[in-house]
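Engineer: If it helps, the file is called input.cif and holds mmCIF, C-alpha atoms; chains and numbers go by the auth columns:
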data_my_file
loop_
_atom_site.group_PDB
_atom_site.id
_atom_site.type_symbol
_atom_site.label_atom_id
_atom_site.label_comp_id
_atom_site.label_asym_id
_atom_site.label_seq_id
_atom_site.Cartn_x
_atom_site.Cartn_y
_atom_site.Cartn_z
_atom_site.B_iso_or_equiv
_atom_site.auth_seq_id
_atom_site.auth_asym_id
ATOM 1 C CA MET A 1 77.377 107.119 -5.811 0.00 1 A
ATOM 2 C CA SER A 2 77.786 108.025 -2.166 0.00 2 A
ATOM 3 C CA VAL A 3 81.006 109.232 -0.557 0.00 3 A
ATOM 4 C CA LEU A 4 81.881 108.393 3.019 0.00 4 A
ATOM 5 C CA LEU A 5 84.362 110.784 4.625 0.00 5 A
ATOM 6 C CA PHE A 6 86.185 109.423 7.645 0.00 6 A
ATOM 7 C CA ASP A 7 89.044 110.244 10.000 0.00 7 A
ATOM 8 C CA GLY A 8 91.914 108.552 8.161 0.00 8 A
ATOM 9 C CA VAL A 9 94.151 108.154 11.209 0.00 9 A
ATOM 10 C CA CYS A 10 91.492 106.696 13.526 0.00 10 A
ATOM 11 C CA ASN A 11 91.700 102.909 13.977 0.00 11 A
ATOM 12 C CA LEU A 12 87.973 102.641 14.698 0.00 12 A
ATOM 13 C CA CYS A 13 87.145 104.659 11.580 0.00 13 A
ATOM 14 C CA ASN A 14 89.507 102.611 9.400 0.00 14 A
ATOM 15 C CA ALA A 15 88.033 99.356 10.716 0.00 15 A
ATOM 16 C CA SER A 16 84.538 100.705 10.024 0.00 16 A
ATOM 17 C CA VAL A 17 85.488 101.573 6.433 0.00 17 A
ATOM 18 C CA LYS A 18 86.858 98.061 5.898 0.00 18 A
ATOM 19 C CA TRP A 19 83.657 96.644 7.396 0.00 19 A
ATOM 20 C CA VAL A 20 81.519 98.701 4.981 0.00 20 A
ATOM 21 C CA ILE A 21 83.658 97.748 1.959 0.00 21 A
ATOM 22 C CA LEU A 22 83.257 94.042 2.714 0.00 22 A
ATOM 23 C CA ARG A 23 79.462 94.398 2.919 0.00 23 A
ATOM 24 C CA ASP A 24 78.935 96.874 0.077 0.00 24 A
ATOM 25 C CA LYS A 25 78.405 94.264 -2.637 0.00 25 A
ATOM 26 C CA LYS A 26 76.883 96.833 -5.029 0.00 26 A
ATOM 27 C CA GLY A 27 79.871 99.170 -4.720 0.00 27 A
ATOM 28 C CA VAL A 28 77.626 102.081 -3.748 0.00 28 A
ATOM 29 C CA PHE A 29 80.160 103.756 -1.475 0.00 29 A
ATOM 30 C CA LYS A 30 83.373 105.564 -2.293 0.00 30 A
ATOM 31 C CA PHE A 31 85.682 106.675 0.513 0.00 31 A
ATOM 32 C CA ALA A 32 87.973 109.575 1.318 0.00 32 A
ATOM 33 C CA PRO A 33 89.790 110.547 4.488 0.00 33 A
ATOM 34 C CA ILE A 34 88.567 113.875 5.848 0.00 34 A
ATOM 35 C CA GLN A 35 92.217 114.959 5.946 0.00 35 A
ATOM 36 C CA SER A 36 92.677 114.390 2.205 0.00 36 A
ATOM 37 C CA GLU A 37 92.400 117.051 -0.479 0.00 37 A
ATOM 38 C CA THR A 38 89.199 115.427 -1.730 0.00 38 A
ATOM 39 C CA GLY A 39 87.778 115.259 1.782 0.00 39 A
ATOM 40 C CA GLN A 40 88.548 118.908 2.452 0.00 40 A
ATOM 41 C CA SER A 41 87.098 119.929 -0.915 0.00 41 A
ATOM 42 C CA LEU A 42 83.838 118.081 -0.222 0.00 42 A
ATOM 43 C CA LEU A 43 83.602 119.568 3.261 0.00 43 A
ATOM 44 C CA LYS A 44 83.974 123.036 1.807 0.00 44 A
ATOM 45 C CA ARG A 45 81.450 122.367 -0.968 0.00 45 A
ATOM 46 C CA PHE A 46 78.818 121.311 1.581 0.00 46 A
ATOM 47 C CA GLY A 47 79.618 124.070 4.082 0.00 47 A
ATOM 48 C CA LEU A 48 81.163 121.679 6.599 0.00 48 A
ATOM 49 C CA ASP A 49 84.752 122.921 6.481 0.00 49 A
ATOM 50 C CA ASN A 50 84.460 123.881 10.174 0.00 50 A
ATOM 51 C CA GLN A 51 83.279 120.361 11.046 0.00 51 A
ATOM 52 C CA PRO A 52 85.622 118.680 13.550 0.00 52 A
ATOM 53 C CA LEU A 53 87.396 115.504 12.466 0.00 53 A
ATOM 54 C CA ASP A 54 85.409 113.464 14.966 0.00 54 A
ATOM 55 C CA SER A 55 82.438 112.792 12.690 0.00 55 A
ATOM 56 C CA VAL A 56 81.823 110.442 9.833 0.00 56 A
ATOM 57 C CA ILE A 57 80.222 112.341 6.961 0.00 57 A
ATOM 58 C CA LEU A 58 78.143 110.795 4.211 0.00 58 A
ATOM 59 C CA ILE A 59 77.602 112.658 0.964 0.00 59 A
ATOM 60 C CA ALA A 60 74.624 111.113 -0.843 0.00 60 A
ATOM 61 C CA ASN A 61 72.106 112.503 -3.311 0.00 61 A
ATOM 62 C CA ASN A 62 73.885 115.867 -3.206 0.00 62 A
ATOM 63 C CA LYS A 63 73.291 116.175 0.554 0.00 63 A
ATOM 64 C CA ALA A 64 75.618 115.792 3.539 0.00 64 A
ATOM 65 C CA TYR A 65 74.753 113.697 6.583 0.00 65 A
ATOM 66 C CA ILE A 66 76.838 113.733 9.756 0.00 66 A
ATOM 67 C CA LYS A 67 77.250 111.714 12.932 0.00 67 A
ATOM 68 C CA SER A 68 74.448 109.245 13.721 0.00 68 A
ATOM 69 C CA ASP A 69 72.431 110.272 10.638 0.00 69 A
ATOM 70 C CA ALA A 70 75.365 109.258 8.426 0.00 70 A
ATOM 71 C CA ALA A 71 75.899 105.961 10.253 0.00 71 A
ATOM 72 C CA ILE A 72 72.219 105.001 10.053 0.00 72 A
ATOM 73 C CA ARG A 73 72.041 105.865 6.343 0.00 73 A
ATOM 74 C CA VAL A 74 75.121 103.748 5.603 0.00 74 A
ATOM 75 C CA MET A 75 73.685 100.774 7.474 0.00 75 A
ATOM 76 C CA THR A 76 70.331 101.154 5.710 0.00 76 A
ATOM 77 C CA GLU A 77 71.984 101.348 2.285 0.00 77 A
ATOM 78 C CA LEU A 78 73.950 98.166 2.970 0.00 78 A
ATOM 79 C CA GLY A 79 70.642 96.366 3.368 0.00 79 A
ATOM 80 C CA GLY A 80 70.138 93.054 5.082 0.00 80 A
ATOM 81 C CA ILE A 81 69.981 93.323 8.833 0.00 81 A
ATOM 82 C CA GLY A 82 71.364 96.873 8.522 0.00 82 A
ATOM 83 C CA ILE A 83 67.898 98.032 7.546 0.00 83 A
ATOM 84 C CA LEU A 84 66.921 97.489 11.174 0.00 84 A
ATOM 85 C CA SER A 85 69.139 100.450 12.095 0.00 85 A
ATOM 86 C CA ARG A 86 66.273 102.660 10.870 0.00 86 A
ATOM 87 C CA VAL A 87 64.631 102.069 14.231 0.00 87 A
ATOM 88 C CA PHE A 88 67.247 104.443 15.687 0.00 88 A
ATOM 89 C CA LEU A 89 65.636 107.252 13.680 0.00 89 A
ATOM 90 C CA LEU A 90 62.815 107.088 16.247 0.00 90 A
ATOM 91 C CA ILE A 91 65.287 108.376 18.841 0.00 91 A
ATOM 92 C CA PRO A 92 65.710 112.143 18.648 0.00 92 A
ATOM 93 C CA ARG A 93 68.893 113.156 16.791 0.00 93 A
ATOM 94 C CA LYS A 94 70.153 115.098 19.798 0.00 94 A
ATOM 95 C CA LEU A 95 70.080 111.967 21.988 0.00 95 A
ATOM 96 C CA ARG A 96 71.601 109.756 19.265 0.00 96 A
ATOM 97 C CA ASN A 97 74.417 112.227 18.800 0.00 97 A
ATOM 98 C CA ILE A 98 75.193 112.348 22.520 0.00 98 A
ATOM 99 C CA VAL A 99 76.126 108.664 22.295 0.00 99 A
ATOM 100 C CA TYR A 100 77.887 109.221 18.962 0.00 100 A
ATOM 101 C CA ASP A 101 79.935 112.098 20.422 0.00 101 A
ATOM 102 C CA TRP A 102 80.861 110.055 23.495 0.00 102 A
ATOM 103 C CA VAL A 103 82.333 107.311 21.298 0.00 103 A
ATOM 104 C CA ALA A 104 83.969 109.880 18.974 0.00 104 A
ATOM 105 C CA ASN A 105 85.583 111.692 21.886 0.00 105 A
ATOM 106 C CA ASN A 106 87.074 108.460 23.219 0.00 106 A
ATOM 107 C CA ARG A 107 87.937 106.647 19.965 0.00 107 A
ATOM 108 C CA TYR A 108 91.693 107.322 20.032 0.00 108 A
ATOM 109 C CA ARG A 109 91.971 106.241 23.669 0.00 109 A
ATOM 110 C CA TRP A 110 89.938 103.067 23.136 0.00 110 A
ATOM 111 C CA PHE A 111 91.083 102.061 19.636 0.00 111 A
ATOM 112 C CA GLY A 112 94.274 104.038 18.995 0.00 112 A
ATOM 113 C CA LYS A 113 95.332 105.972 15.944 0.00 113 A
ATOM 114 C CA GLN A 114 97.769 105.766 13.059 0.00 114 A
ATOM 115 C CA GLU A 115 100.516 108.199 12.162 0.00 115 A
ATOM 116 C CA GLN A 116 99.181 108.473 8.610 0.00 116 A
ATOM 117 C CA CYS A 117 95.929 107.866 6.746 0.00 117 A
ATOM 118 C CA LEU A 118 94.778 104.410 5.741 0.00 118 A
ATOM 119 C CA LEU A 119 96.296 103.087 2.531 0.00 119 A
ATOM 120 C CA PRO A 120 93.702 100.948 0.765 0.00 120 A
ATOM 121 C CA GLN A 121 94.422 97.394 -0.250 0.00 121 A
ATOM 122 C CA PRO A 122 95.117 97.138 -4.019 0.00 122 A
ATOM 123 C CA GLU A 123 91.745 95.499 -4.709 0.00 123 A
ATOM 124 C CA TRP A 124 89.979 98.420 -2.974 0.00 124 A
ATOM 125 C CA LYS A 125 91.966 101.228 -4.596 0.00 125 A
ATOM 126 C CA ASP A 126 89.154 102.151 -7.009 0.00 126 A
ATOM 127 C CA ARG A 127 86.819 102.669 -4.024 0.00 127 A
ATOM 128 C CA PHE A 128 88.964 105.497 -2.614 0.00 128 A
ATOM 129 C CA LEU A 129 88.905 109.020 -3.967 0.00 129 A
ATOM 130 C CA THR A 130 92.203 110.882 -4.173 0.00 130 A
#
Spit out the file's structure as structure tokens when you get a sec.
Structural biologist:
Amino acid sequence: MSVLLFDGVCNLCNASVKWVILRDKKGVFKFAPIQSETGQSLLKRFGLDNQPLDSVILIANNKAYIKSDAAIRVMTELGGIGILSRVFLLIPRKLRNIVYDWVANNRYRWFGKQEQCLLPQPEWKDRFLT
């Protein structure tokens, strides 16, 4: 099982979670908003409790991945054409994360935000950690 932590009030992040759920046919991923008790607990456990809310975080195989590393690993795990995202690993992490940070810093302006965290659809409830 892998856990994807995301900014629960970010429209882009919520849309990305929905996108992953629809493509995760094996049910590999569980989800938790970073703002949730579970999210905060996982951040603390992996020494990321000072991590800003502007990064997606993937917990997999007892290791935490952030920013572009997390995104690439999610795409790879989903399989299919997502495996091609591995090519981005050839780009140095620092450069990948410059682009990642640029999108993260503008996500609320471009995509908006919610007043409260995403509430999962009933059929997805078991995919979200509380």
Engineer: When you look at stretch 31-47 of chain A with a cut-off of 12 Å (counting only C-alpha atoms), what residues show up, excluding the ones that are within fewer than 3 positions of it in the same chain? I need them as a ChimeraX atom specification.
Structural biologist: /A:1-10,13-14,16-18,20-21,24,27-28,50-60,62-66,116-120,124-130
Engineer: One decimal, in Å: what's the spacing between atom CA of A:Ala15 and atom CA of A:Leu78?
Structural biologist: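 Distance reported for this atom pair: 16.1 Å.
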Engineer: For the atom pair atom CA of A:Lys25 and atom CA of A:Gly112, what is the interatomic distance in Å to one decimal place?
Structural biologist: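 Atom-to-atom, atom CA of A:Lys25 and atom CA of A:Gly112 are spaced 28.6 Å apart.
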Engineer: Select, from A:Glu115, A:Asn97, A:Lys26, A:Leu48, the residue with the minimum atom-to-atom distance to A:Ala71, counting all atoms listed in the file.
Structural biologist: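 Closest to A:Ala71 of all the choices is A:Asn97.
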Engineer: Quick one: apply the PyMOL selection byres ((chain A and resi 86) around 9) to the file and drop the selected residues here as a list of chain:residue names.
Structural biologist: A:Ile72, A:Arg73, A:Met75, A:Thr76, A:Gly82, A:Ile83, A:Leu84, A:Ser85, A:Val87, A:Phe88, A:Leu89, A:Leu90
Engineer: Please indicate the distance in Å from atom CA of A:Arg93 to atom CA of A:Asn105, rounded to one decimal place.
Structural biologist: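 A separation of 17.5 Å between them.
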Engineer: Which residue out of A:Leu95, A:Asp49, A:Pro122, A:Ile81 has the minimum interatomic distance to A:Asp69 when only C-alpha atoms are used?
Structural biologist: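 Selected residue with least distance to A:Asp69: A:Leu95.
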Engineer: Point out the residue among A:Asn106, A:Phe111, A:Pro92, A:Gln121 with the least atom-to-atom distance to A:Leu12, counting all atoms listed in the file.
Structural biologist: A:Phe111
Engineer: Can you tell me, as AutoDock Vina command-line options, the centre and edge lengths (Å, one decimal) of the axis-aligned box enclosing all of stretch 64-76 of chain A's listed atoms after padding each side by 8 Å?
Structural biologist:
--center_x 73.8 --center_y 108.3 --center_z 8.6 --size_x 22.9 --size_y 31.0 --size_z 26.2
